[in-house]
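Everything below belongs to work-v4.cif, which stores mmCIF, C-alpha atoms.
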```cif
data_coords
#
loop_
_atom_site.label_atom_id
_atom_site.label_comp_id
_atom_site.auth_asym_id
_atom_site.auth_seq_id
_atom_site.Cartn_x
_atom_site.Cartn_y
_atom_site.Cartn_z
CA MET G 1 148.54 102.34 72.86
CA THR G 2 147.73 100.30 75.96
CA ALA G 3 149.68 99.96 79.20
CA ALA G 4 150.56 96.43 78.09
CA ASP G 5 152.03 97.81 74.87
CA VAL G 6 154.21 100.22 76.82
CA ALA G 7 155.34 97.50 79.23
CA SER G 8 156.33 95.21 76.37
CA ARG G 9 158.59 97.79 74.73
CA PRO G 10 162.33 97.68 75.49
CA ALA G 11 163.79 100.10 78.00
CA GLY G 12 164.63 103.36 76.29
CA SER G 13 162.33 102.66 73.33
CA THR G 14 160.42 105.48 71.72
CA ASP G 15 156.84 105.70 70.51
CA ARG G 16 156.98 105.77 66.71
CA THR G 17 153.20 105.93 66.10
CA GLY G 18 153.68 109.23 64.30
CA PRO G 19 155.94 110.10 61.34
CA VAL G 20 159.53 109.02 61.81
CA ASP G 21 161.87 111.99 61.78
CA GLU G 22 164.83 111.85 59.44
CA LEU G 23 168.15 110.57 60.72
CA VAL G 24 171.12 112.90 60.55
CA PHE G 25 174.83 112.60 61.23
CA THR G 26 175.84 115.13 63.87
CA ALA G 27 179.30 114.07 65.06
CA TRP G 28 182.08 111.70 64.09
CA SER G 29 185.46 110.50 65.28
CA SER G 30 188.37 108.49 63.99
CA VAL G 31 191.42 106.68 65.32
CA SER G 32 193.38 106.16 62.14
CA PRO G 33 196.87 105.79 60.71
CA TYR G 34 196.87 109.58 60.53
CA GLY G 35 196.56 109.86 64.31
CA MET G 36 194.18 109.70 67.25
CA GLU G 37 192.15 112.79 66.37
CA ALA G 38 189.34 113.29 63.87
CA ALA G 39 191.09 116.42 62.64
CA ALA G 40 194.14 114.36 61.65
CA TYR G 41 191.96 112.03 59.58
CA ALA G 42 190.17 114.94 57.91
CA GLU G 43 193.48 116.59 57.05
CA GLY G 44 194.92 113.37 55.66
CA ILE G 45 191.91 112.64 53.46
CA ARG G 46 191.56 116.20 52.21
CA GLY G 47 195.24 116.31 51.35
CA ALA G 48 195.20 112.80 49.82
CA ALA G 49 198.22 111.94 51.97
CA SER G 50 199.26 108.29 51.99
CA ALA G 51 199.38 106.73 55.45
CA LEU G 52 201.25 103.64 54.20
CA ALA G 53 204.73 103.05 55.57
CA ASP G 54 207.29 100.26 55.68
CA LEU G 55 206.71 97.72 58.44
CA ASP G 56 209.41 96.54 60.82
CA PRO G 57 209.53 92.79 60.08
CA GLU G 58 210.51 92.00 63.66
CA ALA G 59 207.68 93.98 65.24
CA PHE G 60 205.12 93.16 62.54
CA PRO G 61 206.01 89.83 60.90
CA GLY G 62 203.91 88.60 58.03
CA PRO G 63 203.68 88.65 54.24
CA TYR G 64 203.23 92.42 53.81
CA GLN G 65 206.14 94.82 53.70
CA GLN G 66 203.97 97.93 54.08
CA GLY G 67 200.95 98.82 56.16
CA ALA G 68 198.96 101.71 57.60
CA LEU G 69 198.97 101.39 61.40
CA VAL G 70 197.75 103.75 64.11
CA PRO G 71 201.00 105.39 65.30
CA ASP G 72 202.35 104.06 68.62
CA PHE G 73 198.94 102.72 69.63
CA THR G 74 198.54 100.54 72.71
CA ALA G 75 195.54 99.88 74.92
CA ALA G 76 197.29 101.17 78.03
CA GLY G 77 198.64 104.21 76.24
CA ALA G 78 195.24 105.20 74.86
CA LEU G 79 193.00 104.24 77.78
CA GLY G 80 195.25 103.94 80.83
CA LYS G 81 196.50 100.86 82.65
CA LYS G 82 193.34 100.19 84.66
CA GLY G 83 191.16 97.57 82.95
CA THR G 84 193.36 97.15 79.88
CA ARG G 85 195.79 94.39 80.89
CA THR G 86 193.97 91.74 78.85
CA MET G 87 192.31 94.07 76.32
CA ASP G 88 193.19 93.19 72.74
CA ARG G 89 194.01 95.69 70.04
CA VAL G 90 190.69 95.78 68.16
CA THR G 91 188.75 96.30 71.41
CA ALA G 92 191.08 99.11 72.45
CA LEU G 93 190.67 100.75 69.04
CA ALA G 94 186.88 100.56 69.32
CA VAL G 95 186.75 101.85 72.90
CA SER G 96 189.10 104.72 72.02
CA THR G 97 187.13 105.69 68.91
CA PHE G 98 183.79 105.76 70.71
CA GLY G 99 185.45 107.66 73.55
CA SER G 100 186.54 110.40 71.16
CA LEU G 101 183.02 110.58 69.73
CA LEU G 102 181.44 110.91 73.17
CA ASP G 103 183.98 113.56 74.16
CA ALA G 104 182.95 115.56 71.11
CA CYS G 105 179.25 115.24 71.98
CA GLY G 106 179.50 115.96 75.69
CA PRO G 107 178.24 114.06 78.76
CA ALA G 108 174.59 114.95 78.16
CA LEU G 109 174.45 112.37 75.38
CA VAL G 110 174.40 109.49 77.85
CA GLU G 111 172.29 111.09 80.59
CA ARG G 112 169.67 108.48 79.65
CA PRO G 113 172.03 105.64 78.74
CA GLU G 114 169.25 103.13 78.07
CA SER G 115 168.01 105.29 75.17
CA VAL G 116 171.36 105.19 73.33
CA ALA G 117 172.21 102.21 71.11
CA LEU G 118 175.69 101.13 70.06
CA VAL G 119 176.32 99.28 66.80
CA LEU G 120 179.87 98.21 65.96
CA GLY G 121 181.11 96.64 62.74
CA THR G 122 184.09 94.31 62.81
CA GLY G 123 185.54 91.36 60.94
CA SER G 124 185.87 88.35 63.21
CA GLY G 125 186.60 90.36 66.31
CA SER G 126 190.29 89.90 67.06
CA VAL G 127 191.75 87.20 64.81
CA GLN G 128 194.95 87.34 66.85
CA SER G 129 193.09 86.67 70.11
CA ILE G 130 191.17 83.76 68.62
CA MET G 131 194.28 82.11 67.19
CA ASP G 132 196.45 82.77 70.24
CA PHE G 133 193.85 81.30 72.58
CA THR G 134 193.41 78.24 70.36
CA ARG G 135 197.17 77.75 70.12
CA ASP G 136 197.54 77.92 73.90
CA SER G 137 194.90 75.23 74.34
CA LEU G 138 196.88 72.94 72.00
CA THR G 139 200.41 73.64 73.16
CA GLY G 140 199.86 73.93 76.95
CA ASP G 141 200.38 71.09 79.38
CA ARG G 142 196.60 70.62 79.47
CA PRO G 143 193.98 72.08 77.10
CA HIS G 144 192.07 73.79 79.90
CA LEU G 145 195.14 75.51 81.36
CA VAL G 146 194.58 78.70 79.40
CA ASP G 147 194.25 82.23 80.75
CA PRO G 148 190.49 82.62 81.38
CA ALA G 149 190.83 86.40 81.45
CA ARG G 150 191.67 86.31 77.75
CA PHE G 151 188.73 84.16 76.70
CA PRO G 152 186.32 87.14 76.24
CA ASN G 153 188.65 88.46 73.53
CA THR G 154 187.80 85.43 71.37
CA VAL G 155 184.11 86.40 71.20
CA MET G 156 183.10 88.56 68.24
CA ASN G 157 181.00 91.00 70.27
CA ARG G 158 183.76 91.66 72.82
CA ALA G 159 184.67 95.06 71.34
CA ALA G 160 181.07 96.29 71.16
CA GLY G 161 180.24 95.08 74.66
CA GLN G 162 183.39 96.52 76.19
CA SER G 163 182.79 99.86 74.44
CA ALA G 164 179.32 100.09 75.96
CA ILE G 165 180.51 99.07 79.43
CA TRP G 166 183.49 101.45 79.35
CA HIS G 167 181.36 104.44 78.34
CA GLY G 168 178.14 103.61 80.21
CA VAL G 169 175.90 103.02 77.17
CA LYS G 170 172.99 100.76 78.17
CA GLY G 171 170.78 100.65 75.08
CA PRO G 172 170.76 97.93 72.39
CA ASN G 173 174.26 96.62 71.68
CA THR G 174 174.96 94.97 68.35
CA THR G 175 177.95 93.60 66.47
CA VAL G 176 177.76 93.48 62.67
CA ALA G 177 180.16 91.57 60.42
CA GLY G 178 179.93 91.72 56.64
CA GLY G 179 183.34 91.95 55.00
CA TRP G 180 184.18 95.17 53.20
CA LEU G 181 180.53 96.30 53.35
CA THR G 182 180.36 96.17 57.16
CA GLY G 183 180.21 99.95 57.58
CA LEU G 184 177.24 100.17 55.21
CA LEU G 185 175.51 97.31 57.03
CA VAL G 186 176.02 99.20 60.30
CA LEU G 187 174.21 102.18 58.78
CA GLY G 188 171.31 100.03 57.64
CA TYR G 189 171.00 98.26 60.99
CA ALA G 190 171.18 101.52 62.92
CA GLY G 191 168.34 102.93 60.84
CA ARG G 192 166.18 99.90 61.59
CA LEU G 193 166.90 100.15 65.32
CA TYR G 194 165.77 103.75 65.36
CA ARG G 195 162.71 103.25 63.17
CA GLY G 196 161.68 100.30 65.32
CA GLY G 197 161.57 102.55 68.38
CA HIS G 198 164.38 100.76 70.21
CA CYS G 199 166.50 103.87 70.82
CA GLU G 200 166.63 107.63 70.45
CA ARG G 201 170.21 107.86 69.21
CA VAL G 202 172.70 105.40 67.74
CA LEU G 203 176.46 105.38 68.22
CA CYS G 204 177.76 103.66 65.08
CA GLY G 205 181.31 102.50 64.50
CA VAL G 206 183.76 100.15 62.83
CA ALA G 207 187.09 98.82 64.03
CA GLU G 208 189.83 96.63 62.58
CA GLU G 209 193.26 95.71 63.92
CA TYR G 210 196.53 94.86 62.22
CA SER G 211 198.08 91.57 63.28
CA GLU G 212 200.26 88.88 61.76
CA GLN G 213 197.31 86.48 61.87
CA ARG G 214 194.99 88.82 59.99
CA ALA G 215 197.75 89.58 57.50
CA TRP G 216 198.14 85.91 56.55
CA LEU G 217 194.38 85.42 56.25
CA GLU G 218 194.04 88.43 53.96
CA TRP G 219 197.09 87.35 51.94
CA HIS G 220 195.58 83.96 51.16
CA ALA G 221 192.08 85.37 50.55
CA ALA G 222 193.25 87.77 47.84
CA ASP G 223 194.53 87.11 44.34
CA GLY G 224 198.15 88.04 43.72
CA ASP G 225 197.35 91.29 41.91
CA ALA G 226 194.79 92.27 44.55
CA ARG G 227 197.13 92.01 47.52
CA ILE G 228 197.33 95.58 48.70
CA PRO G 229 198.86 96.61 52.05
CA LEU G 230 196.61 96.41 55.10
CA GLY G 231 195.42 99.23 57.30
CA GLU G 232 193.75 99.44 60.69
CA GLY G 233 191.86 101.81 62.94
CA GLY G 234 188.39 102.83 64.00
CA ALA G 235 185.72 105.25 62.85
CA ALA G 236 182.50 106.24 64.60
CA TRP G 237 179.58 108.60 64.12
CA LEU G 238 176.38 109.65 65.85
CA LEU G 239 172.98 109.18 64.21
CA GLU G 240 169.98 110.94 65.69
CA SER G 241 166.80 112.63 64.55
CA ALA G 242 166.93 116.17 63.26
CA ASP G 243 164.67 117.25 66.12
CA ALA G 244 166.96 115.64 68.72
CA ALA G 245 169.98 117.28 67.12
CA ARG G 246 168.35 120.72 67.30
CA ALA G 247 167.36 120.18 70.91
CA ALA G 248 170.95 119.25 71.79
CA GLY G 249 172.41 122.18 69.87
CA ARG G 250 174.20 119.95 67.35
CA THR G 251 174.37 120.93 63.67
CA PRO G 252 173.60 118.12 61.20
CA LEU G 253 176.54 117.32 58.93
CA ALA G 254 174.51 115.21 56.51
CA ARG G 255 171.23 113.33 56.25
CA LEU G 256 171.03 109.57 55.86
CA ARG G 257 168.70 108.98 52.92
CA GLY G 258 168.99 105.19 52.87
CA THR G 259 171.07 102.09 52.25
CA ARG G 260 170.68 99.32 49.71
CA PHE G 261 172.29 95.91 49.11
CA ARG G 262 172.22 93.32 46.36
CA ALA G 263 173.80 89.91 45.74
CA TYR G 264 175.64 88.64 42.67
CA HIS G 265 176.64 85.10 41.73
CA ARG G 266 179.69 85.53 39.50
CA PRO G 267 182.40 88.22 39.55
CA ALA G 268 181.40 89.37 36.06
CA GLU G 269 177.95 90.28 37.43
CA ALA G 270 179.22 92.48 40.26
CA ALA G 271 179.32 95.79 38.37
CA ASP G 272 175.80 95.39 37.00
CA ALA G 273 174.56 94.48 40.49
CA LEU G 274 176.02 97.71 41.88
CA THR G 275 174.48 99.80 39.08
CA ARG G 276 171.07 98.30 39.86
CA CYS G 277 171.68 98.83 43.57
CA VAL G 278 172.48 102.54 43.17
CA ARG G 279 169.52 103.10 40.85
CA ALA G 280 167.15 101.38 43.27
CA LEU G 281 168.42 103.44 46.21
CA LEU G 282 168.07 106.74 44.36
CA ASP G 283 164.56 105.79 43.23
CA GLU G 284 163.55 104.66 46.71
CA ALA G 285 164.79 107.94 48.21
CA GLY G 286 163.03 110.00 45.55
CA ALA G 287 166.39 111.52 44.66
CA ASP G 288 167.47 112.93 41.31
CA PRO G 289 170.63 111.12 40.04
CA ALA G 290 171.76 114.42 38.53
CA ASP G 291 172.23 115.76 42.09
CA VAL G 292 174.92 113.19 42.93
CA ARG G 293 178.06 115.28 43.23
CA LEU G 294 180.34 113.15 45.40
CA VAL G 295 181.11 109.42 45.51
CA VAL G 296 183.36 107.55 47.94
CA PRO G 297 183.97 104.11 46.40
CA LEU G 298 185.59 101.13 48.07
CA GLY G 299 187.99 100.85 45.14
CA THR G 300 187.28 97.43 43.65
CA ASP G 301 187.57 96.73 39.92
CA GLY G 302 184.72 98.11 37.83
CA GLU G 303 183.13 99.97 40.72
CA GLU G 304 183.43 103.51 39.40
CA ASP G 305 182.11 102.57 35.96
CA ALA G 306 179.19 100.81 37.64
CA VAL G 307 178.29 104.00 39.54
CA ARG G 308 178.61 106.10 36.37
CA GLU G 309 176.08 103.80 34.67
CA ALA G 310 173.53 104.76 37.32
CA LEU G 311 174.04 108.51 36.72
CA PRO G 312 173.05 110.67 33.75
CA ALA G 313 175.28 110.26 30.69
CA GLY G 314 178.37 112.43 30.88
CA GLN G 315 177.95 113.27 34.55
CA GLU G 316 181.23 112.98 36.42
CA PRO G 317 181.04 113.35 40.20
CA GLU G 318 183.98 114.08 42.45
CA TRP G 319 185.64 110.88 43.67
CA ILE G 320 187.20 110.44 47.10
CA HIS G 321 189.54 107.46 47.30
CA CYS G 322 190.39 106.11 50.76
CA ARG G 323 191.92 102.69 50.03
CA PRO G 324 195.06 103.98 48.24
CA LEU G 325 195.73 106.15 51.31
CA LEU G 326 194.79 103.78 54.15
CA GLY G 327 195.34 100.36 52.60
CA ASP G 328 192.80 97.57 52.94
CA THR G 329 191.07 98.20 56.25
CA SER G 330 188.77 95.18 55.73
CA ALA G 331 185.66 95.48 57.92
CA ALA G 332 186.42 99.14 58.68
CA ALA G 333 186.67 100.15 55.01
CA THR G 334 183.19 101.52 54.28
CA GLY G 335 183.12 103.07 57.75
CA PHE G 336 186.25 105.04 56.93
CA GLN G 337 184.59 106.00 53.63
CA THR G 338 181.56 107.28 55.53
CA VAL G 339 183.55 109.51 57.88
CA ALA G 340 185.55 110.78 54.90
CA LEU G 341 182.26 112.19 53.64
CA LEU G 342 181.47 113.63 57.06
CA ALA G 343 184.91 115.23 57.20
CA LEU G 344 184.17 117.00 53.93
CA ALA G 345 180.69 117.95 55.12
CA ALA G 346 182.15 119.48 58.28
CA GLY G 347 184.42 121.54 56.05
CA GLY G 348 181.56 122.72 53.83
CA GLY G 349 182.07 120.03 51.19
CA LEU G 350 178.46 118.73 51.16
CA PRO G 351 176.16 121.67 50.39
CA ALA G 352 172.42 121.53 51.01
CA GLY G 353 170.56 119.62 48.32
CA GLN G 354 173.59 117.81 46.97
CA LEU G 355 173.82 114.02 47.15
CA ALA G 356 176.75 111.80 48.02
CA LEU G 357 177.20 108.04 47.70
CA VAL G 358 179.28 105.52 49.62
CA THR G 359 179.63 102.35 47.56
CA GLY G 360 181.32 98.97 47.68
CA ILE G 361 181.63 95.60 45.96
CA ASP G 362 182.55 92.77 48.30
CA ARG G 363 184.48 89.78 46.98
CA ASP G 364 182.04 87.39 48.68
CA GLY G 365 179.07 88.17 46.44
CA THR G 366 177.40 91.35 47.70
CA VAL G 367 177.29 94.99 46.70
CA GLY G 368 176.01 97.91 48.70
CA CYS G 369 175.59 101.66 48.81
CA ALA G 370 174.45 104.44 51.13
CA LEU G 371 172.98 107.77 50.10
CA LEU G 372 173.69 110.94 52.07
CA SER G 373 172.57 114.48 51.38
CA GLY G 374 173.44 117.93 52.60
#
```

Rewrite the structure of this file - the entire thing - as structure tokens.
Amino acid sequence: MTAADVASRPAGSTDRTGPVDELVFTAWSSVSPYGMEAAAYAEGIRGAASALADLDPEAFPGPYQQGALVPDFTAAGALGKKGTRTMDRVTALAVSTFGSLLDACGPALVERPESVALVLGTGSGSVQSIMDFTRDSLTGDRPHLVDPARFPNTVMNRAAGQSAIWHGVKGPNTTVAGGWLTGLLVLGYAGRLYRGGHCERVLCGVAEEYSEQRAWLEWHAADGDARIPLGEGGAAWLLESADAARAAGRTPLARLRGTRFRAYHRPAEAADALTRCVRALLDEAGADPADVRLVVPLGTDGEEDAVREALPAGQEPEWIHCRPLLGDTSAAATGFQTVALLALAAGGGLPAGQLALVTGIDRDGTVGCALLSG
């Protein structure tokens, strides 16, 4: 490697000329309808406790009568008054979730901030901010007489950028949007960032807010029978090499064995696409399907049968269902599924050698899965 090669690499990049060490999950956090702490989420998922509750129609107008909201959450309440006057809800959820993750890891994690990447999955950013800003430009005395301090909230990467600024993370900063599969796409992107030598560690996360505007969009996007209550919140986790984890004194909770995605054209083809996707991922990872003991599905029609088709006949893994407990968390869904696995791993639920899958079928024509192992 020449001096020119070194100079052309991004700040904080790492020489990957040798074998790439495996990526492991070493910490996670959640701001969820169960509460602000990861322990509350773990307890809720392990106990299969529903977080859905009736919504006050005056405080939360819209077509849904129930929802799963983070209790009493406000930006100022979670982060303090300084710097939060114009912060929208999804940004506050993201900043809070990453803050909890960094608190769990300790300040040493960002001693070299340029070596830490941050990847956040979201829907459209804050739908409420976008629509409110657009409405103000149409209803005000003049179109340009809008509050400029609120314009950044209309940009999709606002939450990711603000999270990095707030916590002093200076490595690559990426926003990923991909419907229900966003959390899986975050995993795939984070792996590529690391393998490409752009960072040493990756803070991964997802965030979604509840708002009247999002509620109406989801209501019209879903068929009548598929209209389930909405949820919100944030989930985050740390990905780093096994060597880096050992050096930092962190115990791996699970290994990331890979992600895989596939497209389908018609709804009737979705289940077969997922079966092929799971088979391809297991084959690519050199994993024995008989070792799959745990599956966390998104919860769409035909999904569980599709996964069973990829496993040996008669094999029935344990299923962890998040959607019935949290509602439809949209872009945060597969992220919440991922930390559900990590919560079980932290409690001894993912023994060494056993495999676990996170799966999903998106209504827009894609399927995806991630493979984790103990």

Polymer residues at most 10 Å from Asp72 (chain G), only C-alpha atoms, same-chain spacing of 6 or more positions, as an mmCIF file with C-alpha atoms, in the coordinates of the input:
```cif
data_model
loop_
_atom_site.group_PDB
_atom_site.id
_atom_site.type_symbol
_atom_site.label_atom_id
_atom_site.label_comp_id
_atom_site.auth_asym_id
_atom_site.auth_seq_id
_atom_site.Cartn_x
_atom_site.Cartn_y
_atom_site.Cartn_z
ATOM 1 C CA PRO G 33 196.870 105.790 60.710
ATOM 2 C CA GLY G 35 196.560 109.860 64.310
ATOM 3 C CA ALA G 78 195.240 105.200 74.860
#
```

Would you list the contacts of Ala333 (chain G) as an mmCIF file with C-alpha atoms, in the coordinates of the input, taking every protein, DNA or RNA residue within 8 Å and counting all atoms listed in the file, but skipping same-chain residues closer than 5 positions in sequence?
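What ended up in part.cif:
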```cif
data_model
loop_
_atom_site.group_PDB
_atom_site.id
_atom_site.type_symbol
_atom_site.label_atom_id
_atom_site.label_comp_id
_atom_site.auth_asym_id
_atom_site.auth_seq_id
_atom_site.Cartn_x
_atom_site.Cartn_y
_atom_site.Cartn_z
ATOM 1 C CA TRP G 180 184.180 95.170 53.200
ATOM 2 C CA LEU G 181 180.530 96.300 53.350
ATOM 3 C CA THR G 182 180.360 96.170 57.160
ATOM 4 C CA GLY G 183 180.210 99.950 57.580
ATOM 5 C CA LEU G 298 185.590 101.130 48.070
ATOM 6 C CA ARG G 323 191.920 102.690 50.030
ATOM 7 C CA ASP G 328 192.800 97.570 52.940
#
```

Output check: residues returned by the PyMOL selection byres ((chain G and resi 65-70) around 6), as a PyMOL selection string: chain G and resi 32-33+51-55+64+71+73+229-232+326

Shortest interatomic distance to Glu200 (chain G) - which of G:Val116, G:Val278, G:Ala40, G:Ala159, counting only C-alpha atoms: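 The answer is G:Val116, which sits nearest to Glu200 (chain G).
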
Evaluate the PyMOL selection byres ((chain G and resi 190) around 12) against this structure - the residues, as a ChimeraX atom specification, please. /G:23-25,116-121,172-176,183-189,191-205,237-240,256,258-259
